[in-house]
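Visitor: What follows is a structure written as structure tokens; I'll ask about it next.
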Amino acid sequence: MTRLHDLHADQGQSPWLDNLKRSWIDSGELAAWVDRGVRGITSNPSIFQKAMTGSDAYDAPLRALVDGGATVVDAYWDLVVRDIVDALEVLRPVHESSGGVDGYVSVEVDPSLAADTDGTIAAARALDERIDRPNLYVKIPATAEGIPAIRQMISEGCSVNVTLIFSLERYAEVMEAYLSGLEARVADGCGDLSDVSSVASFFISRTDSEVDRRLAALRSDEATALRGRTAVAQGQVAYAMFREAFSGPRWEALAARGARAQRPLWASTSTKDPAYPDTLYVDTLIGPDTVNTLPDATLEAFEDHGTVSRTVDADPAAARAVLADVSAVGVDLADVARVLEDEGVAAFIASFDDLLASLADKAATFA
């Protein structure tokens with residue numbers, strides 16, 4: 001047994017791997033990660049950019065697609081779908097043995113649609129129908145325009161990984177979209193909700209990066225004392241919100257029809273500041289009915305020296321006090337969330353565009 005196994009068996013948290021590439025699938029390394037305790041996979045445009053431009057593993061299938069008349073965009077999606085489908089097969093035993101709780105692989109809609117509700121819905125439907133696997137999560141960003149798309153896709157029975165959540169206020173909207181989507185599904189005549197699943201990806205380390213920058217600019221002892229504390233506090237308060245939202249009569253009516261709670265997923269959990277412990281955003285957010293998706297280096301670090309102990313709800317009042325103190329010294333957390341959401345969407349669009357340009361350059365050499 002590994003620490004990753006212990007994390008799930010002892011504390012009810014599912015460790016997922018925030019990375020995917022063809023070489024891992026072909027070599028069996030992805031299956032080895034699963035044997036070590038990984039229970040799901042997340043991907044995004046930045047991950048695929050690194051995978052496809054960092055090796056020649058995609059060159060032969062890209063050439064075949066281009067020679068067959070595919071556009072670069074269509075070839076990109078063919079390559080992505082192939083990786084996702086093969087990863088889904090690797091994770092299928094986890095999905096089956098967990099009764100549909102884990103074993104998911106996530107694929108993100110075109111990031112340029114983040115401000116386009118109808119476009120996001122159409123893209124999510126297309127991916128869900130094209131891949132058509134019970135352990136697929138379609139990733140939809142938690143932008144203002146993404147919220148109604150999330151509700152719609154849940155109402156249609158599509159399992160969704162809601163990504164790019166940076167504020168408690170937006171997190172509340174995400175949970176409401178999930179619950180109301182399930183209720184709409186019931187209103188449409190669905191009696192069994194057990195085939196729909198969702199996670200809400202709350203981004204952690206990026207929050208500290210932005211808040212710490214603002215705290216440093218204040219140049220006060222009070223502000224300095226708060227460095228490195230906001231992201232964890234926000235995650236811990238989010239967990240308390242999750243527990244409240246998925247309890248009581250409203251939730252119990254849905255649970256009676258087989259509905260699954262929308263688990264909080266801690267994303268962006270590698271530390272960006274070398275002054276912080278490399279397992280900071282794992283050790284402090286452990287608790288039942290949660291997911292932590294980690295880059296492979298952070299997974300290795302946790303496996304080597306992480307602490308398997310329930311921490312996410314150790315002191316919710318103290319977590320709220322940290323957020324209050326951060327606001328009191330002059331950091332606008334709503335503005336932090338807005339900036340991070342804008343930057344997150346822009347980064348994924350840039351990765352997507354850069355990757356398409358790289359694939360186009362490679363395709364040109366095939367002529």
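Labels used: A, B, ... for chains in the order of the structure tokens, numbers from 1 for residues in each chain, and numbers from 1 for ligands as shown.
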Excluding region 137-145 of chain A and residues on its chain fewer than 4 positions from it, collect all residues at most 7 Å away from it, counting only C-alpha atoms, and give them as a VMD selection string.

Guide: chain A and resid 104 to 109 114 to 117 124 128 150 159 to 165 174

Visitor: Show which residues sit within 7 Å of region 320-331 of chain A, as a PyMOL selection string. Count only C-alpha atoms, and ignore same-chain residues fewer than 3 positions away.

Guide: chain A and resi 214+223+226+230+233+237+316-317

Visitor: Which of region 187-288 of chain A counts as alpha helix (DSSP H) under DSSP, as JSON, numbers by chain please?

Guide: {"A": [187, 205, 206, 207, 208, 209, 210, 211, 212, 213, 214, 215, 216, 217, 218, 221, 222, 223, 224, 230, 231, 232, 233, 234, 235, 236, 237, 238, 239, 240, 241, 242, 243, 244, 245, 248, 249, 250, 251, 252, 253, 254, 255, 280, 281, 282, 283]}

Visitor: Would you mind listing what lies within 8 Å of Leu356 (chain A) as number ranges by chain, with only C-alpha atoms counted and same-chain residues fewer than 3 positions away left out?

Guide: A: 72-73, 76, 352-353, 359-360

Visitor: Give me the residues within 8 Å of Glu210 (chain A) as a list of chain:residue names, counting only C-alpha atoms and dropping any in the same chain fewer than 4 places off.

Guide: A:Arg206, A:Arg214, A:Val336, A:Leu340

Visitor: If you count only C-alpha atoms, which residues fall within 9 Å of Val282 (chain A), apart from same-chain ones fewer than 2 positions away, as number ranges by chain?

Guide: A: 266, 269-270, 278-280, 284-286, 292, 294, 298, 302, 306-307

Visitor: Got a sec: who's within 10 Å of region 54-61 of chain A, counting only C-alpha atoms, leaving out chain neighbours fewer than 2 positions off, as JSON, numbers by chain?

Guide: {"A": [21, 22, 23, 26, 48, 49, 50, 51, 52, 63, 64, 65, 66, 67, 75, 76, 78, 79, 359, 362, 363, 366]}

Visitor: Store the residues of this selection in a file with C-alpha atoms, as a compact mmCIF listing (two decimals), in the first residue's frame.

Guide:
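Contents of selection30.txt, freshly written:
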# COMPACT_ATOMS: atom_id res chain seq x y z
CA LYS A 21 0.43 12.17 -22.47
CA ARG A 22 0.58 9.51 -25.14
CA SER A 23 3.92 8.08 -24.02
CA ASP A 26 1.78 3.43 -24.59
CA PHE A 48 -1.84 18.82 -24.16
CA GLN A 49 0.39 21.60 -25.43
CA LYS A 50 3.30 20.25 -23.39
CA ALA A 51 2.54 16.66 -24.38
CA MET A 52 2.23 17.27 -28.11
CA ARG A 63 0.83 12.94 -40.36
CA ALA A 64 -1.77 10.23 -41.02
CA LEU A 65 -4.62 12.59 -40.18
CA VAL A 66 -3.26 15.44 -42.29
CA ASP A 67 -2.52 13.11 -45.20
CA ALA A 75 -6.46 16.62 -36.19
CA TYR A 76 -5.91 18.18 -32.76
CA ASP A 78 -8.70 13.52 -32.99
CA LEU A 79 -5.40 13.27 -31.11
CA LEU A 359 0.78 21.45 -35.20
CA LYS A 362 4.59 20.28 -38.24
CA ALA A 363 1.87 19.57 -40.78
CA PHE A 366 4.71 16.70 -44.17

Visitor: Under the rule that only C-alpha atoms are counted, which of A:Arg243, A:Arg39, A:Arg151, A:His305 is the nearest residue to Ile121 (chain A)?

Guide: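 Residue with the minimum atom-to-atom distance to Ile121 (chain A): A:Arg151.
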
Visitor: Using only C-alpha atoms, which protein or nucleic acid residues come within 9 Å of Asp110 (chain A)? Drop anything in the same chain fewer than 6 positions from it, and give the result as a PyMOL selection string.

Guide: chain A and resi 45+120+123+348-349+352

Visitor: Any chance you could export the current selection's C-alpha atoms as an mmCIF file, in the first residue's frame?

Guide:
data_model
loop_
_atom_site.group_PDB
_atom_site.id
_atom_site.type_symbol
_atom_site.label_atom_id
_atom_site.label_comp_id
_atom_site.auth_asym_id
_atom_site.auth_seq_id
_atom_site.Cartn_x
_atom_site.Cartn_y
_atom_site.Cartn_z
ATOM 1 C CA PRO A 45 -5.079 22.691 -23.095
ATOM 2 C CA THR A 120 -19.956 25.874 -24.591
ATOM 3 C CA ALA A 123 -19.057 21.855 -27.570
ATOM 4 C CA PHE A 348 -5.622 28.121 -21.679
ATOM 5 C CA ILE A 349 -6.520 30.022 -24.846
ATOM 6 C CA PHE A 352 -4.558 26.129 -27.315
#

Visitor: Region 217-311 of chain A near region 183-194 of chain A within 6 Å: what's each residue's closest atom pair and its distance in Å to one decimal, counting only C-alpha atoms, ordered by chain then ascending residue number, as a Markdown table?

Guide:
| residue | atom | partner | partner_atom | distance |
| --- | --- | --- | --- | --- |
| A:Arg257 | CA | A:Asp192 | CA | 5.2 |
| A:Gly258 | CA | A:Ser194 | CA | 4.6 |
| A:Ala259 | CA | A:Leu193 | CA | 4.8 |

Visitor: Could those residues be written to a file, using C-alpha atoms, as an mmCIF file, in the first residue's frame?

Guide:
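result03.cif, written as the output of this step:
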data_model
loop_
_atom_site.group_PDB
_atom_site.id
_atom_site.type_symbol
_atom_site.label_atom_id
_atom_site.label_comp_id
_atom_site.auth_asym_id
_atom_site.auth_seq_id
_atom_site.Cartn_x
_atom_site.Cartn_y
_atom_site.Cartn_z
ATOM 1 C CA ARG A 257 -33.132 9.300 -6.565
ATOM 2 C CA GLY A 258 -29.497 8.218 -6.617
ATOM 3 C CA ALA A 259 -27.896 11.657 -7.020
#

Visitor: Could you find all residues in region 116-320 of chain A that DSSP calls strand (DSSP E or B) from the backbone, and write them as a VMD selection string?

Guide: chain A and resid 136 to 141 160 to 165 198 to 203 263 to 267 290 to 294

Visitor: Rank A:Pro249, A:Ala149, A:Ser309, A:Glu341 by their smallest atom-to-atom distance to Gly119 (chain A), using only C-alpha atoms, and report the top residue only.

Guide: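 Ranking A:Pro249, A:Ala149, A:Ser309, A:Glu341 by distance to Gly119 (chain A), first place goes to A:Ala149.
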